[in-house]
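Chemist: Dumping the structure here so I can ask a few things about it.
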Amino acid sequence: MSSPSELVVVLVEPAGPLNVGSVARLCANFEVAELRLVAPRCDHLGAEARLLAVHGAWVLEQARLFPSLAAALADCRRVVATSGRRDGEPLPLLAPEPALHWLRQGSAPLALVFGREDRGLSNDELLQAGRLLTLGSGAAYPSLNLSHAVATVLHRWHELQAPPSPAQPLPEPCQRQEIEAMLGDAENLLLEVGFLHRHTAQARMAKLRGLLQRAQASSEEVALVRGMVRQLRWASERGDKPGRTP
């Protein structure tokens with residue numbers, strides 16, 4: 001079981017320094033040791049952010065900056081992303097409790113991802129999570145202020161003391177960088193053999209990424225698939241018959 005200090009909060013392109021400062025304070029309140037900022041659109045070390053951070057200013061000072069969400073999640077095995085949308089999601093939407101119980105069953109670092117204040121997370125970004133969390137807000141205006149959403153989720157995270165253990169523990173999911181490397185190899189091969197086409201490749205690979213995210217493949221499983229892809233590439237380039245090994 002994880003502890004609060006193993007949790008990483010990731011903000012994607014935050015634009016409001018007051019929001020970032022409030023989130024830093026919340027990280028301090030709920031013993032979240034690390035805040036990661038993806039391409040922030042504000043000064044996270046400025047006076048406005050520090051004003052709201054209060055005694056959590058140290059979280060701002062130690063925050064890590066990343067150019068993309070993929071880079072911020074590269075070392076994470078379990079990722080929960082938040083969404084205020086009600087339909088059209090690439091993965092099923094879960095209430096906080098089942099999503100956070102699933103997250104707590106993993107090993108550090110565990111990531112909670114929050115999107116932009118104005119438009120949230122894109123489908124491609126949501127597909128980098130293993131579970132999607134939605135808060136039960138009103139249908140007429142479902143979008144919460146960023147810091148309010150973080151406060152609600154972290155409070156529920158803090159309250160979870162004894163999540164149920166699965167009867168048969170599943171293998172730990174692979175690191176994000178492993179699955180992205182495998183998908184990159186697969187996409188290149190599928191383009192070369194004509195299964196994918198440039199104008200539709202992104203959409204079809206998104207479906208494959210969604211399938212693999214639902215499966216939460218282990219490192220060994222991803223390595224097996226990547227080995228198959230590489231063997232198929234080698235065989236197609238050599239023109240050898242199936243069954244032969246290099």
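Quick note on naming: the chains in the structure tokens go A, B, ... in the order shown, residues restart at 1 in each chain, and ligands are numbered from 1 in order of appearance.
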Find the residues around A:Gln62 up to 12 Å (only C-alpha atoms counted), leave out those fewer than 2 positions away in its own chain, and share them as a ChimeraX atom specification.
Modeler: /A:24,27-28,32-37,44-45,56-60,64-65
Chemist: Please measure the separation of atom CA of A:Ala71 and atom CA of A:Phe114, giving the value in Å to one decimal.
Modeler: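 Between atom CA of A:Ala71 and atom CA of A:Phe114 the gap is 15.1 Å.
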Chemist: Report as JSON lines the residues of stretch 202-221 of chain A within 7 Å of stretch 116-131 of chain A, each with its shortest atom pair and distance in Å (one decimal), using only C-alpha atoms, ordered by chain and increasing residue number.
Modeler:
```
{"residue": "A:Arg209", "atom": "CA", "partner": "A:Leu127", "partner_atom": "CA", "distance": 6.8}
{"residue": "A:Gly210", "atom": "CA", "partner": "A:Leu127", "partner_atom": "CA", "distance": 6.0}
{"residue": "A:Gln213", "atom": "CA", "partner": "A:Gly130", "partner_atom": "CA", "distance": 5.4}
{"residue": "A:Arg214", "atom": "CA", "partner": "A:Gly130", "partner_atom": "CA", "distance": 6.5}
{"residue": "A:Gln216", "atom": "CA", "partner": "A:Gly130", "partner_atom": "CA", "distance": 6.8}
```
Chemist: Find the nearest atom pair between each residue of stretch 48-116 of chain A and stretch 148-160 of chain A for residues within 12 Å, count only C-alpha atoms, give distances in Å to one decimal, sort rows by chain and ascending number, and present the table as CSV.
Modeler:
```
residue,atom,partner,partner_atom,distance
A:Val80,CA,A:Val153,CA,10.8
A:Ala81,CA,A:Val153,CA,10.9
A:Thr82,CA,A:Ala149,CA,8.7
A:Ser83,CA,A:Ala149,CA,9.9
A:Gly84,CA,A:Ala149,CA,9.6
A:Ala95,CA,A:Val153,CA,10.3
A:Pro96,CA,A:Val153,CA,7.0
A:Glu97,CA,A:Arg156,CA,7.5
A:Pro98,CA,A:Leu160,CA,10.6
A:Ala99,CA,A:Trp157,CA,9.8
A:Leu100,CA,A:Trp157,CA,6.4
A:His101,CA,A:Leu160,CA,7.6
A:Trp102,CA,A:Trp157,CA,11.1
A:Leu103,CA,A:Trp157,CA,9.5
A:Arg104,CA,A:Trp157,CA,8.6
A:Gln105,CA,A:Leu160,CA,11.5
A:Leu110,CA,A:Trp157,CA,11.9
A:Ala111,CA,A:Leu154,CA,11.7
A:Leu112,CA,A:Val153,CA,9.0
A:Val113,CA,A:Val150,CA,9.4
A:Phe114,CA,A:Val150,CA,7.6
A:Gly115,CA,A:Ala149,CA,10.3
A:Arg116,CA,A:Ala149,CA,11.7
```
Chemist: When DSSP works through the backbone of this structure, what residues of stretch 50-132 of chain A end up as strand (DSSP E), shown as a ChimeraX atom specification?
Modeler: /A:64-66,78-82,93-94,110-114,131-132
Chemist: Using Å and a single decimal, report how far atom CA of A:Gly184 sits from atom CA of A:Val222.
Modeler: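 These two atoms are separated by 12.2 Å.
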Chemist: Using DSSP secondary structure from the backbone, list all alpha helix (DSSP H) positions within stretch 4-153 of chain A, as a ChimeraX atom specification.
Modeler: /A:17-29,47-53,57-62,69-72,96-104,123-126,146-153
Chemist: Just how far from atom CA of A:Val79 is atom CA of A:Pro173, in Å to one decimal?
Modeler: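 Between atom CA of A:Pro173 and atom CA of A:Val79 the gap works out to 10.1 Å.
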Chemist: Give me the residues within 10 Å of A:Arg226 as a VMD selection string, counting only C-alpha atoms and dropping any in the same chain fewer than 3 places off.
Modeler: chain A and resid 178 to 179 181 to 186 220 to 223 229 to 232
Chemist: Output N, CA and C atoms for every residue in that selection, as an mmCIF file, in the first residue's frame.
Modeler:
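Output file result.cif is given in full below:
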```
data_model
loop_
_atom_site.group_PDB
_atom_site.id
_atom_site.type_symbol
_atom_site.label_atom_id
_atom_site.label_comp_id
_atom_site.auth_asym_id
_atom_site.auth_seq_id
_atom_site.Cartn_x
_atom_site.Cartn_y
_atom_site.Cartn_z
ATOM 1 N N GLU A 178 8.216 2.690 -21.230
ATOM 2 C CA GLU A 178 8.311 1.375 -21.853
ATOM 3 C C GLU A 178 7.201 1.183 -22.884
ATOM 4 N N ILE A 179 5.969 1.517 -22.495
ATOM 5 C CA ILE A 179 4.846 1.300 -23.406
ATOM 6 C C ILE A 179 4.905 2.265 -24.582
ATOM 7 N N ALA A 181 7.649 3.486 -25.960
ATOM 8 C CA ALA A 181 8.699 3.003 -26.863
ATOM 9 C C ALA A 181 8.187 1.839 -27.709
ATOM 10 N N MET A 182 7.451 0.932 -27.077
ATOM 11 C CA MET A 182 6.899 -0.201 -27.817
ATOM 12 C C MET A 182 5.895 0.262 -28.863
ATOM 13 N N LEU A 183 5.016 1.221 -28.497
ATOM 14 C CA LEU A 183 4.029 1.732 -29.442
ATOM 15 C C LEU A 183 4.699 2.465 -30.598
ATOM 16 N N GLY A 184 5.796 3.148 -30.311
ATOM 17 C CA GLY A 184 6.530 3.817 -31.385
ATOM 18 C C GLY A 184 7.088 2.828 -32.393
ATOM 19 N N ASP A 185 7.675 1.724 -31.893
ATOM 20 C CA ASP A 185 8.180 0.670 -32.784
ATOM 21 C C ASP A 185 7.043 0.069 -33.615
ATOM 22 N N ALA A 186 5.923 -0.211 -32.954
ATOM 23 C CA ALA A 186 4.793 -0.837 -33.641
ATOM 24 C C ALA A 186 4.221 0.080 -34.717
ATOM 25 N N GLU A 220 7.156 -7.139 -18.490
ATOM 26 C CA GLU A 220 7.446 -8.374 -19.232
ATOM 27 C C GLU A 220 6.536 -8.509 -20.453
ATOM 28 N N GLU A 221 5.258 -8.157 -20.301
ATOM 29 C CA GLU A 221 4.315 -8.258 -21.412
ATOM 30 C C GLU A 221 4.646 -7.267 -22.520
ATOM 31 N N VAL A 222 5.002 -6.039 -22.128
ATOM 32 C CA VAL A 222 5.378 -5.044 -23.121
ATOM 33 C C VAL A 222 6.657 -5.468 -23.839
ATOM 34 N N ALA A 223 7.614 -6.017 -23.084
ATOM 35 C CA ALA A 223 8.867 -6.486 -23.706
ATOM 36 C C ALA A 223 8.585 -7.613 -24.706
ATOM 37 N N VAL A 229 7.449 -7.329 -32.423
ATOM 38 C CA VAL A 229 7.496 -6.286 -33.441
ATOM 39 C C VAL A 229 8.869 -6.240 -34.099
ATOM 40 N N ARG A 230 9.907 -6.327 -33.286
ATOM 41 C CA ARG A 230 11.263 -6.266 -33.837
ATOM 42 C C ARG A 230 11.573 -7.481 -34.701
ATOM 43 N N GLN A 231 11.076 -8.659 -34.286
ATOM 44 C CA GLN A 231 11.299 -9.863 -35.087
ATOM 45 C C GLN A 231 10.569 -9.767 -36.426
ATOM 46 N N LEU A 232 9.355 -9.246 -36.406
ATOM 47 C CA LEU A 232 8.598 -9.062 -37.646
ATOM 48 C C LEU A 232 9.301 -8.072 -38.573
#
```
Chemist: Considering only C-alpha atoms, state which residue in the set A:Glu31, A:Glu6, A:Asp75, A:Glu48 is at the smallest distance from A:Gln177.
Modeler: A:Asp75
